[in-house]
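K.L.:
Mind having a look at this structure? Questions to follow.
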Amino acid sequence: MDGSSDDPPTSAVLLDSCHFSQVLFNGVEKFYVPGTDVTCCYTLSQNITARGKDWVGIFRVGWKTTREYYTFMWAPLPTAGPRDTAVQQKIQFKAYYLPKDDEYYQFCYVDQDGMVRGASVPFQFRAEAEDDLLVVTTQGEVEEIELQNRNLQQENEELKASRANLQKQNVELREELKKAQELQESLESLRSNTEKLELEVNSLKMENKHLKEQGECREAQLQQLQEQIQDVTSERERLESRLRTALERVDQLQSQVLNYEKEVENLSHVGQEQTKQLESLKEENHQLRLSMAQQPEAASAAWGWHSLGLPFPPESPTPLLSQQRDLMKELEEQKHLFQVLQAEKGEADEESRKLRAENSALLRHLSQTTEFSPLSALPQARAPIPAPGPADLLFGNPYSGEMTWLCGCKHRLASLRICPMCGEVFPEDVDTPQYEAHVRSHLLECPICTESFEKSNKQVFEDHLLCHRLE
């Protein structure tokens with residue numbers, strides 16, 4: 001088989017690492033004639049086992065690695081048999097593949113691992129001269145050959161030192177390569193971790209952006225709620241002011257009504273006295289009529305004047321009749337004053353009714369606000385004004401039922417405690433801490449700024465905490 005079929009296994013191993021003694025080449029000529037086939041004979045020792053990829057190559061003298069072969073032939077496998085003795089083998093190289101110059105060459109046996117197992121002595125490819133039967137070597141040529149041998153030995157020593165240095169460098173390079181591989185693996189791991197961290201960072205950025213948008217939305221809602229709270233607070237203060245004004249007006253009307261009632265009571269007493277006096281005068285008049293009946297003329301004249309509605313004639317003045325006329329006139333004036341007072345009382349009653357309706361509407365509106373306590377709108381320090389009993393008035397007290405109800409309602413509201421969250425009523429015997437604990441049970445308190453929120457507004461409370469986290 002020639003060298004053009006396929007490439008043999010080679011290596012970059014230096015000469016010192018080869019075992020040239022395992023294969024011995026026999027009968028190698030000093031030169032071979034160009035254009036003829038060359039037969040190579042060699043002996044396989046017991047220390048080598050031939051394999052299918054072993055080959056024999058022709059190398060130019062001075063080669064460094066097995067890659068520098070000129071041509072090669074595959075080494076045939078020995079026949080089966082005991083391997084206790086050496087085995088003779090031979091290979092024939094075709095003339096076509098042999099070198100055409102006169103340089104020195106040598107046979108080399110290379111196993112399939114690319115290691116040299118044997119090498120022959122050098123030879124040449126040149127024509128045989130007819131007169132070249134005796135080779136005479138002069139002393140100069142011998143010295144030149146010895147010098148060449150010394151140079152080759154020195155070069156061999158240098159190559160050995162270079163080989164040791166290269167082996168050392170090879171070991172160091174292998175260690176560095178191993179470290180580089182470890183660093184490469186660490187780098188790959190770090191890259192993988194970096195990619196994961198970048199993905200997590202991107203995810204966190206997106207989440208942070210989403211949370212910021214939610215925070216801005218929550219801040220806008222919180223601002224809107226604060227504005228609504230301010231509006232409700234302003235409305236509550238305005239309603240409280242109106243309620244206080246209405247209550248003061250009611251107190252003023254109550255004072256006026258009491259004054260009117262006292263005047264009516266006084267007028268009633270005066271009217272009772274005048275009624276008694278009138279009864280007395282009627283009795284006296286009746287007696288006078290009886291006495292006048294006994295005096296027909298005088299009686300008929302007096303009766304004529306009286307029936308006509310005229311005063312008695314001055315010729316017959318009577319002190320009792322004059323006093324009666326004064327009393328009748330005063331009684332008419334008292335009746336007129338009583339009617340005026342009754343009209344004023346009716347107007348005050350109508351105004352009080354309107355004020356009570358307005359107060360009821362204000363209380364209903366205030367009860368709809370979440371952070372307003374009805375107790376704060378009622379004056380607790382003002383004592384209710386007792387209304388006079390109906391038995392003390394001639395015509396009765398038309399405001400006694402209304403005033404008693406209003407004062408009793410104010411007294412009950414002042415003595416009760418109402419929860420502003422659920423509307424539960426606590427009697428006056430309940431302790432203040434118990435009432436405050438009940439109110440706090442409806443609230444959620446911020447652990448950062450101690451601001452309170454209703455439990456029903458849990459989303460607002462969570463948005464408030466989120467604002468603190470974003471800060």
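Residues in the structure tokens are named by chain (A, B, ... in the order shown) and by number from 1 within that chain; ligands are numbered from 1 in the order shown.
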As a VMD selection string, please: the residues near Gly27 of chain A (cut-off 9 Å, only C-alpha atoms, same-chain neighbours under 4 positions excluded).
P.N.:
chain A and resid 40 to 42
K.L.:
Could you save the residues just selected, with C-alpha atoms, as a JSON list (two decimals), in the first residue's frame?
P.N.:
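Full text of part.json as output:
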```json
[["chain", "number", "residue", "atom", "x", "y", "z"],
["A", 40, "CYS", "CA", 12.63, -3.17, 3.51],
["A", 41, "CYS", "CA", 13.26, -6.03, 5.97],
["A", 42, "TYR", "CA", 12.73, -5.63, 9.71]]
```
K.L.:
Which neighbours of Leu327 of chain A fall inside 10 Å, counting only C-alpha atoms, when residues of the same chain fewer than 3 positions from it are skipped, and could you give them as number ranges by chain?
P.N.:
A: 274-275, 277-278, 281, 321-324, 330-333
K.L.:
Just write the chosen residues, all heavy atoms, as a tab-separated table (two decimals), in the first residue's frame.
P.N.:
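Output file again-v1.tsv follows:
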```
chain	number	residue	atom	x	y	z
A	274	GLN	N	-110.67	91.44	88.01
A	274	GLN	CA	-111.68	92.30	87.40
A	274	GLN	C	-113.00	91.56	87.22
A	274	GLN	O	-114.09	92.16	87.32
A	274	GLN	CB	-111.16	92.80	86.05
A	274	GLN	CG	-110.01	93.79	86.18
A	274	GLN	CD	-109.50	94.25	84.84
A	274	GLN	OE1	-109.96	93.78	83.80
A	274	GLN	NE2	-108.55	95.22	84.89
A	275	THR	N	-112.91	90.27	86.95
A	275	THR	CA	-114.16	89.50	86.83
A	275	THR	C	-114.90	89.47	88.16
A	275	THR	O	-116.15	89.59	88.22
A	275	THR	CB	-113.84	88.08	86.38
A	275	THR	OG1	-113.14	88.13	85.12
A	275	THR	CG2	-115.10	87.26	86.19
A	277	GLN	N	-114.60	91.75	90.47
A	277	GLN	CA	-115.16	93.09	90.66
A	277	GLN	C	-116.40	93.28	89.81
A	277	GLN	O	-117.38	93.90	90.24
A	277	GLN	CB	-114.10	94.14	90.31
A	277	GLN	CG	-112.93	94.17	91.28
A	277	GLN	CD	-111.89	95.21	90.88
A	277	GLN	OE1	-112.09	95.94	89.90
A	277	GLN	NE2	-110.81	95.29	91.66
A	278	LEU	N	-116.35	92.77	88.56
A	278	LEU	CA	-117.53	92.90	87.69
A	278	LEU	C	-118.72	92.16	88.27
A	278	LEU	O	-119.87	92.66	88.20
A	278	LEU	CB	-117.18	92.36	86.30
A	278	LEU	CG	-118.26	92.47	85.24
A	278	LEU	CD1	-118.63	93.94	85.00
A	278	LEU	CD2	-117.79	91.84	83.93
A	281	LEU	N	-119.98	94.29	90.94
A	281	LEU	CA	-120.72	95.43	90.40
A	281	LEU	C	-122.06	95.00	89.82
A	281	LEU	O	-123.06	95.73	89.93
A	281	LEU	CB	-119.87	96.11	89.32
A	281	LEU	CG	-118.64	96.87	89.80
A	281	LEU	CD1	-117.84	97.38	88.61
A	281	LEU	CD2	-119.03	98.01	90.72
A	321	LEU	N	-121.78	103.42	89.22
A	321	LEU	CA	-121.88	103.29	87.77
A	321	LEU	C	-120.61	103.79	87.09
A	321	LEU	O	-120.10	103.20	86.12
A	321	LEU	CB	-123.08	104.07	87.24
A	321	LEU	CG	-124.44	103.50	87.65
A	321	LEU	CD1	-125.56	104.41	87.12
A	321	LEU	CD2	-124.61	102.10	87.11
A	322	SER	N	-120.01	104.86	87.60
A	322	SER	CA	-118.76	105.37	87.03
A	322	SER	C	-117.63	104.35	87.21
A	322	SER	O	-116.84	104.09	86.30
A	322	SER	CB	-118.39	106.69	87.71
A	322	SER	OG	-117.16	107.15	87.24
A	323	GLN	N	-117.61	103.77	88.37
A	323	GLN	CA	-116.58	102.74	88.61
A	323	GLN	C	-116.79	101.53	87.69
A	323	GLN	O	-115.84	100.92	87.19
A	323	GLN	CB	-116.62	102.33	90.08
A	323	GLN	CG	-115.49	101.38	90.46
A	323	GLN	CD	-115.52	101.04	91.95
A	323	GLN	OE1	-116.46	101.44	92.65
A	323	GLN	NE2	-114.51	100.31	92.39
A	324	GLN	N	-118.06	101.21	87.45
A	324	GLN	CA	-118.37	100.08	86.58
A	324	GLN	C	-117.91	100.35	85.16
A	324	GLN	O	-117.35	99.49	84.48
A	324	GLN	CB	-119.87	99.80	86.61
A	324	GLN	CG	-120.26	98.60	85.76
A	324	GLN	CD	-121.76	98.32	85.82
A	324	GLN	OE1	-122.51	99.12	86.42
A	324	GLN	NE2	-122.17	97.25	85.20
A	330	GLU	N	-111.39	99.09	81.21
A	330	GLU	CA	-110.12	98.42	81.48
A	330	GLU	C	-110.17	96.95	81.07
A	330	GLU	O	-109.17	96.38	80.56
A	330	GLU	CB	-109.78	98.56	82.97
A	330	GLU	CG	-108.40	98.02	83.31
A	330	GLU	CD	-108.08	98.26	84.79
A	330	GLU	OE1	-108.89	98.87	85.49
A	330	GLU	OE2	-106.98	97.82	85.19
A	331	LEU	N	-111.34	96.32	81.27
A	331	LEU	CA	-111.48	94.92	80.88
A	331	LEU	C	-111.36	94.77	79.36
A	331	LEU	O	-110.72	93.83	78.85
A	331	LEU	CB	-112.83	94.38	81.35
A	331	LEU	CG	-113.11	92.91	81.04
A	331	LEU	CD1	-112.08	92.01	81.68
A	331	LEU	CD2	-114.51	92.53	81.51
A	332	GLU	N	-111.94	95.73	78.62
A	332	GLU	CA	-111.83	95.67	77.17
A	332	GLU	C	-110.37	95.82	76.73
A	332	GLU	O	-109.86	95.12	75.82
A	332	GLU	CB	-112.67	96.78	76.52
A	332	GLU	CG	-114.17	96.56	76.68
A	332	GLU	CD	-114.65	95.34	75.92
A	332	GLU	OE1	-114.00	94.95	74.91
A	332	GLU	OE2	-115.65	94.74	76.33
A	333	GLU	N	-109.65	96.75	77.41
A	333	GLU	CA	-108.24	96.92	77.07
A	333	GLU	C	-107.42	95.66	77.37
A	333	GLU	O	-106.54	95.26	76.59
A	333	GLU	CB	-107.67	98.12	77.85
A	333	GLU	CG	-108.25	99.45	77.39
A	333	GLU	CD	-107.72	100.59	78.24
A	333	GLU	OE1	-107.00	100.30	79.23
A	333	GLU	OE2	-108.01	101.76	77.92
```
K.L.:
Mind the document's chain letters and residue numbers, and return as a list of chain:residue names the residues of segment 95-344 of chain A that DSSP labels strand (DSSP E).
P.N.:
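Listing strand (DSSP E) positions across segment 95-344 of chain A yields A:Tyr105, A:Gln106, A:Phe107, A:Cys108, A:Tyr109, A:Val110, A:Val116, A:Arg117, A:Gly118, A:Ala119, A:Gln124, A:Phe125.
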K.L.:
Find the spatial neighbours of Tyr96 of chain A, counting only C-alpha atoms, within a cut-off of 10 Å - ignore same-chain residues fewer than 6 positions away - and output them as an NGL selection string.
P.N.:
:A and (2 or 34-37)
K.L.:
From a DSSP pass on the backbone, collect the residues of segment 67-303 of chain A flagged as helix (DSSP H, G or I) and hand them back as number ranges by chain.
P.N.:
A: 67-68, 95-97, 139-294, 296-303
K.L.:
Write out as a tab-separated table a residue-level contact list of segment 176-256 of chain A versus segment 340-350 of chain A with cut-off 12 Å: for each qualifying residue the closest pair of atoms and the distance in Å to one decimal, counting only C-alpha atoms, rows sorted by chain and residue number upward.
P.N.:
```
residue	atom	partner	partner_atom	distance
A:Arg249	CA	A:Ala348	CA	11.1
A:Val250	CA	A:Ala348	CA	10.0
A:Asp251	CA	A:Ala348	CA	12.0
A:Gln252	CA	A:Ala348	CA	10.5
A:Leu253	CA	A:Ala348	CA	6.9
A:Gln254	CA	A:Ala348	CA	9.0
A:Ser255	CA	A:Ala348	CA	10.9
A:Gln256	CA	A:Ala348	CA	8.3
```
K.L.:
How far is it from atom CA of His210 of chain A to atom CA of Leu470 of chain A, in Å with one decimal?
P.N.:
12.1 Å
K.L.:
When you draw a straight line from atom CA of Glu29 of chain A to atom CA of Gln88 of chain A, how long is it in Å?
P.N.:
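It comes out at 17.6 Å.
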K.L.:
What does the distance from atom CA of Phe453 of chain A to atom CA of Leu239 of chain A come to in Å, to one decimal?
P.N.:
23.8 Å
